[in-house]
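Novice: Below is a structure I'd like to ask you about.
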Amino acid sequence: MARVPAAATALHRVRRVPLALVRRYRARRTHPVTPVVELVRQPHPWVRALGLVTVVLFGAWLGLLTVGNVRAPVGPMDTTMTLRPSLTGGTKINVSPLGALELRSHTAPLRLDVDVDQLDPVRSQALVDRPERLSGLQDEVAQDVSDGTLDLAVRSVVAVVSGATALGLAVYRRPRRALAAGGLALTLLVASGATAFATWNPNSVLEPKFSGLLSSAPSVVGNARSIVSEFDVYQKELARLVTNVTKLYDVTSTLPAYAPDPSTIRVLHVSDIHLNPASWKIIASLVKQYKIDVIVDSGDTMDHGTAAENGFLDPASDLGAPYVWVRGNHDGRVTQSYLERMKNVHVLDDGRAVSVAGLRFAGVGDPQFTPDRTAKLGGDQSEVLAGARLASSLRDQKAAGTPVDIAVAHNPTAARQTDGDVPLVLAGHLHHQEMEVLKYGTRLRIEGSTGGGGLRALEGKDPAPIETSILYLDRDTRRLQAWDEIKLGGLGLTTAEVSRHLPKENQPGAVTTPATPTPSAPTP
């Protein structure tokens, strides 16, 4: 076979290349190649919205944390004002190292924190040297606070919008989404500010809550009488607080001792001590500090109500004030008999009335004795019957011209049966504090556990607090004017809080009708 020359072979290949290109081009036009599209599932709109809100809130919080505070002078003090996210709102004034003062000034998702950093030596000395400046101090302080909060509002707007925008840009990497985050942050801040303005309560200073060392100085807000009827004097007391803080920092002394108002009768309400020996020391300390006129114990002083526990009751006769007591469901009859033989102790039962410290008391012991917490004798029905007997006795006392001022029962179910027959009824049993005005006008006060639940404090994860109250009653009308709720840290804790409360009818601006003084009654 003859060999094909190499040149001819190469020429043949060159001629085939155009034909191959033509055929491939025609094939592509006849059967176009379909591009492969990769499907990516888009997130649900609600998920995207939730993500945006999360970014906005976190960015706004970072902005407030970084630059959302201002330093402002308030009277003689240098303070730092800060907005903080909160579920309840309000204002917290930190007076280091004395403690804190909390006011329910507004309801909004923002809380105003005011830290007292230091006292300006020049302004403080001028205030001490020239006491006449106190007359205008409250106006000066109000103006300083107004200027500081305005500056804080402007700075907070910048901080919130900047923080949310910057975080939105870092997360989404799109300017439009970042601007949307900033706009949403501004909207939320404006809405929070409008809510705070709408719920602003200027009278919140009348019902403060103290913590730390400030809790040992109840006189810092004045007494019950001056708050109710001398509001101008009370405003000056606020100025005096500034002076006292000045002196505290200057000479490291203590806050002024409590000055009792001679127009009020002070009642210390305790309950559910449950064999806690620390309770006696706390009660004795409060009696001395507040100049208590009478102590009322609404029961469950013991835990099992046995004769072996009776020695625990011995301090009750030497607490510095008369001791009025009713039986609880953990107190046995032997407990009651032991107390009846003690001096300075007044046992109430079966509606029997007694006059102590200018007030007339009547009470009924708990019809149930359930120290093991398992027996259910008569249940609520027995409590209702006991309360009905007490209510009947109250009506008899009123018909005889010796009306009762305060009724006492251990179980709130029994106490509720006295509605309409007595101005104030005291109870316990529930181990937490409540105040309620019943349907027919009787005010029911339920005390917490002044023993922190006793050994039961070890059952839960967190220790139960030790709770008690100071009730202020008008000496002429014998009606409740104000009350202080005292809460101490439970087992192993050292916290303390005191909060002042006023009945609605006694708050400034309330329209009330003059009460008719209750005639005094002889001790039976």
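Residue numbering restarts at 1 in every chain; chains get A, B, ... in the order shown in the structure tokens, and ligands count up from 1 in that same order.
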Compile the contact shell of Gly148 (chain A) as a PDB file with all heavy atoms, in the first residue's frame: residues with an atom at most 8 Å away, counting only C-alpha atoms, same-chain residues fewer than 4 positions apart removed.
Specialist:
```pdb
ATOM      1  N   VAL A  70     -24.396  60.675  80.853  1.00  0.00           N
ATOM      2  CA  VAL A  70     -23.925  62.051  80.972  1.00  0.00           C
ATOM      3  C   VAL A  70     -23.560  62.333  82.427  1.00  0.00           C
ATOM      4  O   VAL A  70     -24.148  61.762  83.346  1.00  0.00           O
ATOM      5  CB  VAL A  70     -25.000  63.068  80.510  1.00  0.00           C
ATOM      6  CG1 VAL A  70     -25.321  62.890  79.054  1.00  0.00           C
ATOM      7  CG2 VAL A  70     -26.262  62.946  81.352  1.00  0.00           C
ATOM      8  N   ARG A  71     -22.603  63.179  82.627  1.00  0.00           N
ATOM      9  CA  ARG A  71     -22.239  63.665  83.962  1.00  0.00           C
ATOM     10  C   ARG A  71     -22.897  65.020  84.154  1.00  0.00           C
ATOM     11  O   ARG A  71     -22.742  65.914  83.323  1.00  0.00           O
ATOM     12  CB  ARG A  71     -20.728  63.764  84.113  1.00  0.00           C
ATOM     13  CG  ARG A  71     -20.018  62.411  84.036  1.00  0.00           C
ATOM     14  CD  ARG A  71     -18.513  62.575  84.210  1.00  0.00           C
ATOM     15  NE  ARG A  71     -18.185  63.136  85.517  1.00  0.00           N
ATOM     16  CZ  ARG A  71     -18.009  62.416  86.624  1.00  0.00           C
ATOM     17  NH1 ARG A  71     -18.161  61.094  86.564  1.00  0.00           N
ATOM     18  NH2 ARG A  71     -17.691  62.986  87.763  1.00  0.00           N
ATOM     19  N   ALA A  72     -23.663  65.134  85.233  1.00  0.00           N
ATOM     20  CA  ALA A  72     -24.423  66.368  85.457  1.00  0.00           C
ATOM     21  C   ALA A  72     -24.376  66.755  86.926  1.00  0.00           C
ATOM     22  O   ALA A  72     -24.520  65.884  87.805  1.00  0.00           O
ATOM     23  CB  ALA A  72     -25.875  66.183  85.014  1.00  0.00           C
ATOM     24  N   PRO A  73     -24.198  68.019  87.237  1.00  0.00           N
ATOM     25  CA  PRO A  73     -24.271  68.464  88.634  1.00  0.00           C
ATOM     26  C   PRO A  73     -25.724  68.566  89.082  1.00  0.00           C
ATOM     27  O   PRO A  73     -26.574  69.097  88.361  1.00  0.00           O
ATOM     28  CB  PRO A  73     -23.605  69.840  88.590  1.00  0.00           C
ATOM     29  CG  PRO A  73     -23.854  70.333  87.192  1.00  0.00           C
ATOM     30  CD  PRO A  73     -23.852  69.109  86.315  1.00  0.00           C
ATOM     31  N   MET A  81     -25.802  60.176  84.955  1.00  0.00           N
ATOM     32  CA  MET A  81     -27.134  59.711  84.582  1.00  0.00           C
ATOM     33  C   MET A  81     -27.025  58.761  83.398  1.00  0.00           C
ATOM     34  O   MET A  81     -26.318  59.043  82.432  1.00  0.00           O
ATOM     35  CB  MET A  81     -28.040  60.893  84.210  1.00  0.00           C
ATOM     36  CG  MET A  81     -28.292  61.857  85.349  1.00  0.00           C
ATOM     37  SD  MET A  81     -29.427  63.189  84.863  1.00  0.00           S
ATOM     38  CE  MET A  81     -29.546  64.101  86.407  1.00  0.00           C
ATOM     39  N   ASP A 144     -31.610  71.283  87.751  1.00  0.00           N
ATOM     40  CA  ASP A 144     -30.422  70.504  87.391  1.00  0.00           C
ATOM     41  C   ASP A 144     -30.819  69.149  86.816  1.00  0.00           C
ATOM     42  O   ASP A 144     -30.244  68.685  85.823  1.00  0.00           O
ATOM     43  CB  ASP A 144     -29.527  70.302  88.619  1.00  0.00           C
ATOM     44  CG  ASP A 144     -28.861  71.598  89.054  1.00  0.00           C
ATOM     45  OD1 ASP A 144     -28.801  72.533  88.235  1.00  0.00           O
ATOM     46  OD2 ASP A 144     -28.409  71.672  90.218  1.00  0.00           O
ATOM     47  N   LEU A 152     -29.213  63.899  78.533  1.00  0.00           N
ATOM     48  CA  LEU A 152     -29.173  62.443  78.441  1.00  0.00           C
ATOM     49  C   LEU A 152     -30.054  61.936  77.306  1.00  0.00           C
ATOM     50  O   LEU A 152     -29.689  60.988  76.603  1.00  0.00           O
ATOM     51  CB  LEU A 152     -29.613  61.834  79.771  1.00  0.00           C
ATOM     52  CG  LEU A 152     -29.695  60.309  79.835  1.00  0.00           C
ATOM     53  CD1 LEU A 152     -28.312  59.702  79.608  1.00  0.00           C
ATOM     54  CD2 LEU A 152     -30.264  59.858  81.174  1.00  0.00           C
TER      55      LEU A 152
END
```
Novice: So, counting only C-alpha atoms, which residue among A:Asn94, A:Gln143, A:Thr264, A:Thr306 is closest to Leu471 (chain A)?
Specialist: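 Selected residue with least distance to Leu471 (chain A): A:Thr264.
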Novice: Any idea what the distance is between CA of Thr199 (chain A) and CA of Pro503 (chain A)?
Specialist: 19.5 Å
Novice: Show which residues sit within 12 Å of Thr66 (chain A), as a list in words. Count only C-alpha atoms, and ignore same-chain residues fewer than 4 positions away.
Specialist: Gly59, Ala60, Trp61, Leu62, Val70, Thr82, Leu83, Arg84, Arg155, Ser156, Val158, Ala159, Val160, Ser162 and Gly163 of chain A
Novice: Output N, CA and C atoms of each residue in that selection to a file, as a PDB file, in the first residue's frame.
Specialist:
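Dumped everything to again-v7.pdb:
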```
ATOM      1  N   GLY A  59     -27.872  46.210  69.318  1.00  0.00           N
ATOM      2  CA  GLY A  59     -27.083  47.383  68.937  1.00  0.00           C
ATOM      3  C   GLY A  59     -27.407  48.598  69.773  1.00  0.00           C
ATOM      4  N   ALA A  60     -28.716  48.805  70.063  1.00  0.00           N
ATOM      5  CA  ALA A  60     -29.106  49.938  70.906  1.00  0.00           C
ATOM      6  C   ALA A  60     -28.530  49.781  72.301  1.00  0.00           C
ATOM      7  N   TRP A  61     -28.561  48.555  72.828  1.00  0.00           N
ATOM      8  CA  TRP A  61     -27.997  48.318  74.167  1.00  0.00           C
ATOM      9  C   TRP A  61     -26.497  48.600  74.185  1.00  0.00           C
ATOM     10  N   LEU A  62     -25.795  48.157  73.137  1.00  0.00           N
ATOM     11  CA  LEU A  62     -24.355  48.438  73.065  1.00  0.00           C
ATOM     12  C   LEU A  62     -24.093  49.938  72.990  1.00  0.00           C
ATOM     13  N   VAL A  70     -24.396  60.675  80.853  1.00  0.00           N
ATOM     14  CA  VAL A  70     -23.925  62.051  80.972  1.00  0.00           C
ATOM     15  C   VAL A  70     -23.560  62.333  82.427  1.00  0.00           C
ATOM     16  N   THR A  82     -27.748  57.641  83.507  1.00  0.00           N
ATOM     17  CA  THR A  82     -27.669  56.605  82.481  1.00  0.00           C
ATOM     18  C   THR A  82     -29.048  56.016  82.244  1.00  0.00           C
ATOM     19  N   LEU A  83     -29.356  55.716  80.985  1.00  0.00           N
ATOM     20  CA  LEU A  83     -30.564  54.975  80.645  1.00  0.00           C
ATOM     21  C   LEU A  83     -30.203  53.508  80.491  1.00  0.00           C
ATOM     22  N   ARG A  84     -31.020  52.637  81.089  1.00  0.00           N
ATOM     23  CA  ARG A  84     -30.772  51.208  81.015  1.00  0.00           C
ATOM     24  C   ARG A  84     -32.053  50.486  80.569  1.00  0.00           C
ATOM     25  N   ARG A 155     -28.226  62.535  73.987  1.00  0.00           N
ATOM     26  CA  ARG A 155     -27.108  61.603  73.851  1.00  0.00           C
ATOM     27  C   ARG A 155     -27.591  60.171  73.631  1.00  0.00           C
ATOM     28  N   SER A 156     -28.689  59.818  74.285  1.00  0.00           N
ATOM     29  CA  SER A 156     -29.214  58.461  74.145  1.00  0.00           C
ATOM     30  C   SER A 156     -29.732  58.214  72.738  1.00  0.00           C
ATOM     31  N   VAL A 158     -28.590  59.571  69.977  1.00  0.00           N
ATOM     32  CA  VAL A 158     -27.405  59.361  69.136  1.00  0.00           C
ATOM     33  C   VAL A 158     -26.810  57.980  69.385  1.00  0.00           C
ATOM     34  N   ALA A 159     -26.739  57.589  70.663  1.00  0.00           N
ATOM     35  CA  ALA A 159     -26.131  56.300  71.007  1.00  0.00           C
ATOM     36  C   ALA A 159     -26.944  55.137  70.466  1.00  0.00           C
ATOM     37  N   VAL A 160     -28.258  55.201  70.625  1.00  0.00           N
ATOM     38  CA  VAL A 160     -29.115  54.105  70.187  1.00  0.00           C
ATOM     39  C   VAL A 160     -29.103  53.969  68.671  1.00  0.00           C
ATOM     40  N   SER A 162     -26.896  55.135  66.482  1.00  0.00           N
ATOM     41  CA  SER A 162     -25.562  54.781  65.990  1.00  0.00           C
ATOM     42  C   SER A 162     -25.243  53.316  66.253  1.00  0.00           C
ATOM     43  N   GLY A 163     -25.566  52.847  67.460  1.00  0.00           N
ATOM     44  CA  GLY A 163     -25.285  51.458  67.795  1.00  0.00           C
ATOM     45  C   GLY A 163     -26.052  50.486  66.932  1.00  0.00           C
TER      46      GLY A 163
END
```
Novice: Near Val267 (chain A), within 10 Å and counting only C-alpha atoms, which residues show up once chain neighbours fewer than 5 positions away are dropped, as a list of chain:residue names?
Specialist: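 Result of the neighbour search: A:Val287, A:Tyr290, A:Lys291, A:Ile292, A:Asp293, A:Val294, A:Ile295, A:Val296, A:Ala321, A:Ala357, A:Leu359, A:Ser469, A:Ile470, A:Leu471, A:Tyr472, A:Leu473, A:Trp483.
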Novice: Per DSSP on the backbone, filter region 293-452 of chain A down to the residues in strand (DSSP E or B) and report them as a ChimeraX atom specification.
Specialist: /A:294-297,323-325,345-347,353-356,359-364,406-409,424-427,434-437,443-446
Novice: Can you pull out every residue from region 294-416 of chain A that DSSP, working from the backbone, puts in helix (DSSP H, G or I), and format the result as a count of residues only?
Specialist: 46
Novice: Show me, as a VMD selection string, the residues that have an atom within 9 Å of Asp314 (chain A) when counting only C-alpha atoms, minus same-chain residues fewer than 3 positions from it.
Specialist: chain A and resid 310 to 311 317 to 318 339 342
Novice: Pick out the residues sitting within 10 Å of His410 (chain A), and hand them over as a VMD selection string; count only C-alpha atoms, and ignore anything fewer than 5 positions along from it in its own chain.
Specialist: chain A and resid 271 to 272 297 to 300 325 to 329 363 to 367 383 415 426 to 430 446 to 447
Novice: Counting only C-alpha atoms, which of A:Glu505, A:Leu319, A:Ser449, A:Arg360 gets nearest to Val437 (chain A)?
Specialist: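 Smallest separation from Val437 (chain A) among the options: A:Glu505.
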